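Some notes on the structure that comes next.
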Amino acid sequence: MNNHQQKMLYLVVTGAPLTQWTADAVATAELAGWRTAVIASPSAESWLAQVNRDDVRAPVLTEHRDPNEAKRLPLPDVVLMAPATFNSVNKLATGIADTYALSVMCEALSRRVPTVL
C-alpha cells in the first residue's frame, strides 16, 4: 500500500507519562496500515524528549506553520488524542485552542473527523 492509499491518522499527545510510548503507538498504527503524524502539545515535549525520535517514524509537529509555508500534512481520516490530560480535555470542551495540538483537535471536531480521546 502506498502513501496515497493509506488513511491518515493524527496522533495528538499531551503532557502525561503515556506520551513516552508514542513510538509504539505509531508502529502499531503503521502495522494496521495507517499513515501517522504526531501532534504534540508543549507539555508533551518533555515526555517526547525521553523517546528516540528515530523510533517514532512519523513527523512530529509542535507549532503552527508559517503563513507562507505550504500545509505539512494531508487532512486526517481519524484523530486520536492519547494521552488526553484533564487540562487538554477541558480546554477542548470549551473551545480553547491556545496550542497547535488543541487547534488541530478543534479543527477536526469542526470538520466532523472521527475523533477519539
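Residues in the C-alpha cells are named by chain (A, B, ... in the order shown) and by number from 1 within that chain; ligands are numbered from 1 in the order shown.
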
Proximity check segment 19-99 of chain A to segment 109-113 of chain A, 10 Å, nearest pairs one decimal Å, only C-alpha atoms, as a Markdown table:
| residue | atom | partner | partner_atom | distance |
| --- | --- | --- | --- | --- |
| A:Leu75 | CA | A:Val113 | CA | 9.3 |
| A:Pro76 | CA | A:Val113 | CA | 7.3 |
| A:Asp77 | CA | A:Val113 | CA | 6.4 |
| A:Val78 | CA | A:Val113 | CA | 6.0 |
| A:Val79 | CA | A:Val113 | CA | 7.1 |
| A:Leu92 | CA | A:Leu109 | CA | 9.5 |

Go ahead and dump the residues you just picked, N, CA and C atoms, as a PDB file, in the first residue's frame.
ATOM      1  N   LEU A  75      -5.156  16.086   5.156  1.00  0.00           N
ATOM      2  CA  LEU A  75      -6.211  16.093   6.161  1.00  0.00           C
ATOM      3  C   LEU A  75      -6.338  14.704   6.778  1.00  0.00           C
ATOM      4  N   PRO A  76      -6.661  14.637   8.060  1.00  0.00           N
ATOM      5  CA  PRO A  76      -6.755  13.325   8.713  1.00  0.00           C
ATOM      6  C   PRO A  76      -8.066  12.613   8.405  1.00  0.00           C
ATOM      7  N   ASP A  77      -8.002  11.295   8.428  1.00  0.00           N
ATOM      8  CA  ASP A  77      -9.205  10.475   8.373  1.00  0.00           C
ATOM      9  C   ASP A  77      -9.717  10.211   9.786  1.00  0.00           C
ATOM     10  N   VAL A  78      -8.780  10.209  10.740  1.00  0.00           N
ATOM     11  CA  VAL A  78      -9.090   9.985  12.150  1.00  0.00           C
ATOM     12  C   VAL A  78      -8.091  10.781  12.986  1.00  0.00           C
ATOM     13  N   VAL A  79      -8.568  11.290  14.122  1.00  0.00           N
ATOM     14  CA  VAL A  79      -7.683  11.962  15.078  1.00  0.00           C
ATOM     15  C   VAL A  79      -7.832  11.251  16.422  1.00  0.00           C
ATOM     16  N   LEU A  92     -10.407  21.690  25.283  1.00  0.00           N
ATOM     17  CA  LEU A  92     -11.085  21.276  24.054  1.00  0.00           C
ATOM     18  C   LEU A  92     -12.595  21.431  24.204  1.00  0.00           C
TER      19      LEU A  92
END

(request) If you run DSSP over the backbone, which residues in chain A end up alpha helix (DSSP H)? Put them as a ChimeraX atom specification. (result) /A:22-31,45-48,53-56,86-94,100-110

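Closest approach to Pro17 of chain A from the set A:Val116, A:Ala58, A:Ile96, A:Ala44 is made by A:Ala44, with distances taken over only C-alpha atoms.
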
Got a sec: who's within 12 Å of Ala32 of chain A, counting only C-alpha atoms, leaving out chain neighbours fewer than 3 positions off, as a PDB file with N, CA, C and O atoms, in the first residue's frame?
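New file out-v4.pdb:
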ATOM      1  N   MET A   1       0.852  -1.171   0.000  1.00  0.00           N
ATOM      2  CA  MET A   1       0.000   0.000   0.000  1.00  0.00           C
ATOM      3  C   MET A   1       0.899   1.237   0.000  1.00  0.00           C
ATOM      4  O   MET A   1       1.789   1.356   0.816  1.00  0.00           O
ATOM      5  N   GLN A   6      -3.042   5.047   1.849  1.00  0.00           N
ATOM      6  CA  GLN A   6      -3.146   4.875   3.292  1.00  0.00           C
ATOM      7  C   GLN A   6      -4.036   5.951   3.893  1.00  0.00           C
ATOM      8  O   GLN A   6      -4.003   7.110   3.493  1.00  0.00           O
ATOM      9  N   LYS A   7      -4.801   5.569   4.883  1.00  0.00           N
ATOM     10  CA  LYS A   7      -5.582   6.545   5.625  1.00  0.00           C
ATOM     11  C   LYS A   7      -4.655   7.273   6.587  1.00  0.00           C
ATOM     12  O   LYS A   7      -3.685   6.716   7.084  1.00  0.00           O
ATOM     13  N   MET A   8      -4.986   8.539   6.851  1.00  0.00           N
ATOM     14  CA  MET A   8      -4.139   9.409   7.668  1.00  0.00           C
ATOM     15  C   MET A   8      -4.669   9.495   9.093  1.00  0.00           C
ATOM     16  O   MET A   8      -5.838   9.821   9.317  1.00  0.00           O
ATOM     17  N   LEU A   9      -3.794   9.197  10.053  1.00  0.00           N
ATOM     18  CA  LEU A   9      -4.100   9.286  11.480  1.00  0.00           C
ATOM     19  C   LEU A   9      -3.256  10.394  12.089  1.00  0.00           C
ATOM     20  O   LEU A   9      -2.039  10.401  11.917  1.00  0.00           O
ATOM     21  N   ALA A  25       2.946   3.459  19.645  1.00  0.00           N
ATOM     22  CA  ALA A  25       1.632   3.757  19.071  1.00  0.00           C
ATOM     23  C   ALA A  25       1.734   3.968  17.567  1.00  0.00           C
ATOM     24  O   ALA A  25       0.902   3.467  16.799  1.00  0.00           O
ATOM     25  N   VAL A  26       2.768   4.684  17.133  1.00  0.00           N
ATOM     26  CA  VAL A  26       2.966   4.909  15.699  1.00  0.00           C
ATOM     27  C   VAL A  26       3.247   3.586  14.994  1.00  0.00           C
ATOM     28  O   VAL A  26       2.694   3.308  13.921  1.00  0.00           O
ATOM     29  N   ALA A  27       4.092   2.769  15.585  1.00  0.00           N
ATOM     30  CA  ALA A  27       4.414   1.470  14.976  1.00  0.00           C
ATOM     31  C   ALA A  27       3.166   0.593  14.856  1.00  0.00           C
ATOM     32  O   ALA A  27       2.959  -0.070  13.835  1.00  0.00           O
ATOM     33  N   THR A  28       2.332   0.599  15.876  1.00  0.00           N
ATOM     34  CA  THR A  28       1.106  -0.188  15.853  1.00  0.00           C
ATOM     35  C   THR A  28       0.163   0.318  14.760  1.00  0.00           C
ATOM     36  O   THR A  28      -0.426  -0.478  14.019  1.00  0.00           O
ATOM     37  N   ALA A  29       0.029   1.633  14.663  1.00  0.00           N
ATOM     38  CA  ALA A  29      -0.823   2.210  13.621  1.00  0.00           C
ATOM     39  C   ALA A  29      -0.281   1.874  12.231  1.00  0.00           C
ATOM     40  O   ALA A  29      -1.037   1.531  11.320  1.00  0.00           O
ATOM     41  N   ARG A  35      -1.068   5.781   7.885  1.00  0.00           N
ATOM     42  CA  ARG A  35      -0.008   6.778   7.819  1.00  0.00           C
ATOM     43  C   ARG A  35      -0.256   7.690   9.010  1.00  0.00           C
ATOM     44  O   ARG A  35      -1.392   8.117   9.250  1.00  0.00           O
ATOM     45  N   THR A  36       0.782   7.997   9.781  1.00  0.00           N
ATOM     46  CA  THR A  36       0.591   8.697  11.046  1.00  0.00           C
ATOM     47  C   THR A  36       1.456   9.941  11.138  1.00  0.00           C
ATOM     48  O   THR A  36       2.594   9.952  10.672  1.00  0.00           O
TER      49      THR A  36
END

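The space between atom CA of Val12 of chain A and atom CA of Ser88 of chain A spans 10.6 Å.
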
(message) Between A:Ala49, A:Leu117, A:Leu18, A:Ala37, which residue has the minimum interatomic distance to Arg72 of chain A, considering only C-alpha atoms?
(response) A:Ala37

(message) With only C-alpha atoms as the counted atoms, please give the residues lying no more than 12 Å from Glu45 of chain A, apart from itself and same-chain residues fewer than 3 positions off, as a PyMOL selection string.
(response) chain A and resi 12-17+19-20+22+38-42+48-51+53+60-63+101

Taking N, CA and C atoms for each residue, export the selection above as a PDB file, in the first residue's frame.
ATOM      1  N   VAL A  12      -2.434  12.923  18.559  1.00  0.00           N
ATOM      2  CA  VAL A  12      -2.174  14.112  19.363  1.00  0.00           C
ATOM      3  C   VAL A  12      -1.780  13.642  20.754  1.00  0.00           C
ATOM      4  N   VAL A  13      -0.592  14.069  21.194  1.00  0.00           N
ATOM      5  CA  VAL A  13      -0.100  13.662  22.508  1.00  0.00           C
ATOM      6  C   VAL A  13       0.022  14.886  23.413  1.00  0.00           C
ATOM      7  N   THR A  14      -0.238  14.660  24.695  1.00  0.00           N
ATOM      8  CA  THR A  14      -0.184  15.741  25.681  1.00  0.00           C
ATOM      9  C   THR A  14       0.814  15.386  26.775  1.00  0.00           C
ATOM     10  N   GLY A  15       0.937  16.257  27.752  1.00  0.00           N
ATOM     11  CA  GLY A  15       1.960  16.097  28.784  1.00  0.00           C
ATOM     12  C   GLY A  15       1.600  15.101  29.857  1.00  0.00           C
ATOM     13  N   ALA A  16       1.753  13.833  29.552  1.00  0.00           N
ATOM     14  CA  ALA A  16       1.462  12.772  30.502  1.00  0.00           C
ATOM     15  C   ALA A  16       2.415  11.607  30.246  1.00  0.00           C
ATOM     16  N   PRO A  17       2.626  10.752  31.250  1.00  0.00           N
ATOM     17  CA  PRO A  17       3.598   9.668  31.104  1.00  0.00           C
ATOM     18  C   PRO A  17       3.380   8.758  29.892  1.00  0.00           C
ATOM     19  N   THR A  19       2.826   9.446  27.000  1.00  0.00           N
ATOM     20  CA  THR A  19       3.439  10.020  25.799  1.00  0.00           C
ATOM     21  C   THR A  19       4.765   9.341  25.484  1.00  0.00           C
ATOM     22  N   GLN A  20       5.430   8.790  26.490  1.00  0.00           N
ATOM     23  CA  GLN A  20       6.703   8.117  26.233  1.00  0.00           C
ATOM     24  C   GLN A  20       6.540   6.856  25.380  1.00  0.00           C
ATOM     25  N   THR A  22       4.856   6.873  22.508  1.00  0.00           N
ATOM     26  CA  THR A  22       4.455   7.368  21.191  1.00  0.00           C
ATOM     27  C   THR A  22       5.017   6.517  20.058  1.00  0.00           C
ATOM     28  N   VAL A  38       2.413  12.829  14.347  1.00  0.00           N
ATOM     29  CA  VAL A  38       2.291  13.110  15.776  1.00  0.00           C
ATOM     30  C   VAL A  38       2.199  14.618  15.952  1.00  0.00           C
ATOM     31  N   ILE A  39       1.184  15.047  16.676  1.00  0.00           N
ATOM     32  CA  ILE A  39       0.993  16.453  17.010  1.00  0.00           C
ATOM     33  C   ILE A  39       1.156  16.541  18.524  1.00  0.00           C
ATOM     34  N   ALA A  40       2.173  17.261  18.975  1.00  0.00           N
ATOM     35  CA  ALA A  40       2.484  17.297  20.409  1.00  0.00           C
ATOM     36  C   ALA A  40       2.162  18.652  21.023  1.00  0.00           C
ATOM     37  N   SER A  41       1.529  18.611  22.176  1.00  0.00           N
ATOM     38  CA  SER A  41       1.302  19.844  22.937  1.00  0.00           C
ATOM     39  C   SER A  41       2.643  20.281  23.529  1.00  0.00           C
ATOM     40  N   PRO A  42       2.761  21.545  23.925  1.00  0.00           N
ATOM     41  CA  PRO A  42       4.029  21.988  24.534  1.00  0.00           C
ATOM     42  C   PRO A  42       4.431  21.156  25.750  1.00  0.00           C
ATOM     43  N   LEU A  48       8.338  13.521  25.242  1.00  0.00           N
ATOM     44  CA  LEU A  48       8.898  13.069  23.965  1.00  0.00           C
ATOM     45  C   LEU A  48      10.419  13.127  23.958  1.00  0.00           C
ATOM     46  N   ALA A  49      10.989  13.979  24.803  1.00  0.00           N
ATOM     47  CA  ALA A  49      12.450  14.062  24.888  1.00  0.00           C
ATOM     48  C   ALA A  49      13.043  12.743  25.365  1.00  0.00           C
ATOM     49  N   GLN A  50      12.237  11.915  26.027  1.00  0.00           N
ATOM     50  CA  GLN A  50      12.696  10.618  26.512  1.00  0.00           C
ATOM     51  C   GLN A  50      12.576   9.528  25.445  1.00  0.00           C
ATOM     52  N   VAL A  51      12.027   9.891  24.284  1.00  0.00           N
ATOM     53  CA  VAL A  51      11.790   8.933  23.201  1.00  0.00           C
ATOM     54  C   VAL A  51      12.833   9.161  22.118  1.00  0.00           C
ATOM     55  N   ARG A  53      13.647   9.819  18.750  1.00  0.00           N
ATOM     56  CA  ARG A  53      12.815  10.328  17.651  1.00  0.00           C
ATOM     57  C   ARG A  53      12.919   9.454  16.401  1.00  0.00           C
ATOM     58  N   VAL A  60       6.773  14.776  13.686  1.00  0.00           N
ATOM     59  CA  VAL A  60       6.322  15.272  14.987  1.00  0.00           C
ATOM     60  C   VAL A  60       6.227  16.788  14.861  1.00  0.00           C
ATOM     61  N   LEU A  61       5.020  17.311  14.977  1.00  0.00           N
ATOM     62  CA  LEU A  61       4.785  18.744  14.835  1.00  0.00           C
ATOM     63  C   LEU A  61       4.339  19.318  16.170  1.00  0.00           C
ATOM     64  N   THR A  62       4.866  20.493  16.491  1.00  0.00           N
ATOM     65  CA  THR A  62       4.522  21.122  17.765  1.00  0.00           C
ATOM     66  C   THR A  62       4.037  22.561  17.608  1.00  0.00           C
ATOM     67  N   GLU A  63       4.265  23.139  16.465  1.00  0.00           N
ATOM     68  CA  GLU A  63       3.944  24.556  16.258  1.00  0.00           C
ATOM     69  C   GLU A  63       3.151  24.744  14.978  1.00  0.00           C
ATOM     70  N   ALA A 101      -1.641  21.757  19.105  1.00  0.00           N
ATOM     71  CA  ALA A 101      -2.340  20.491  19.334  1.00  0.00           C
ATOM     72  C   ALA A 101      -3.838  20.712  19.542  1.00  0.00           C
TER      73      ALA A 101
END

(message) If we count only C-alpha atoms and set the cut-off at 10 Å, which residues sit around Asp24 of chain A, ignoring sequence neighbours fewer than 6 positions away in its own chain? Please answer as number ranges by chain.
(response) A: 30, 55-57
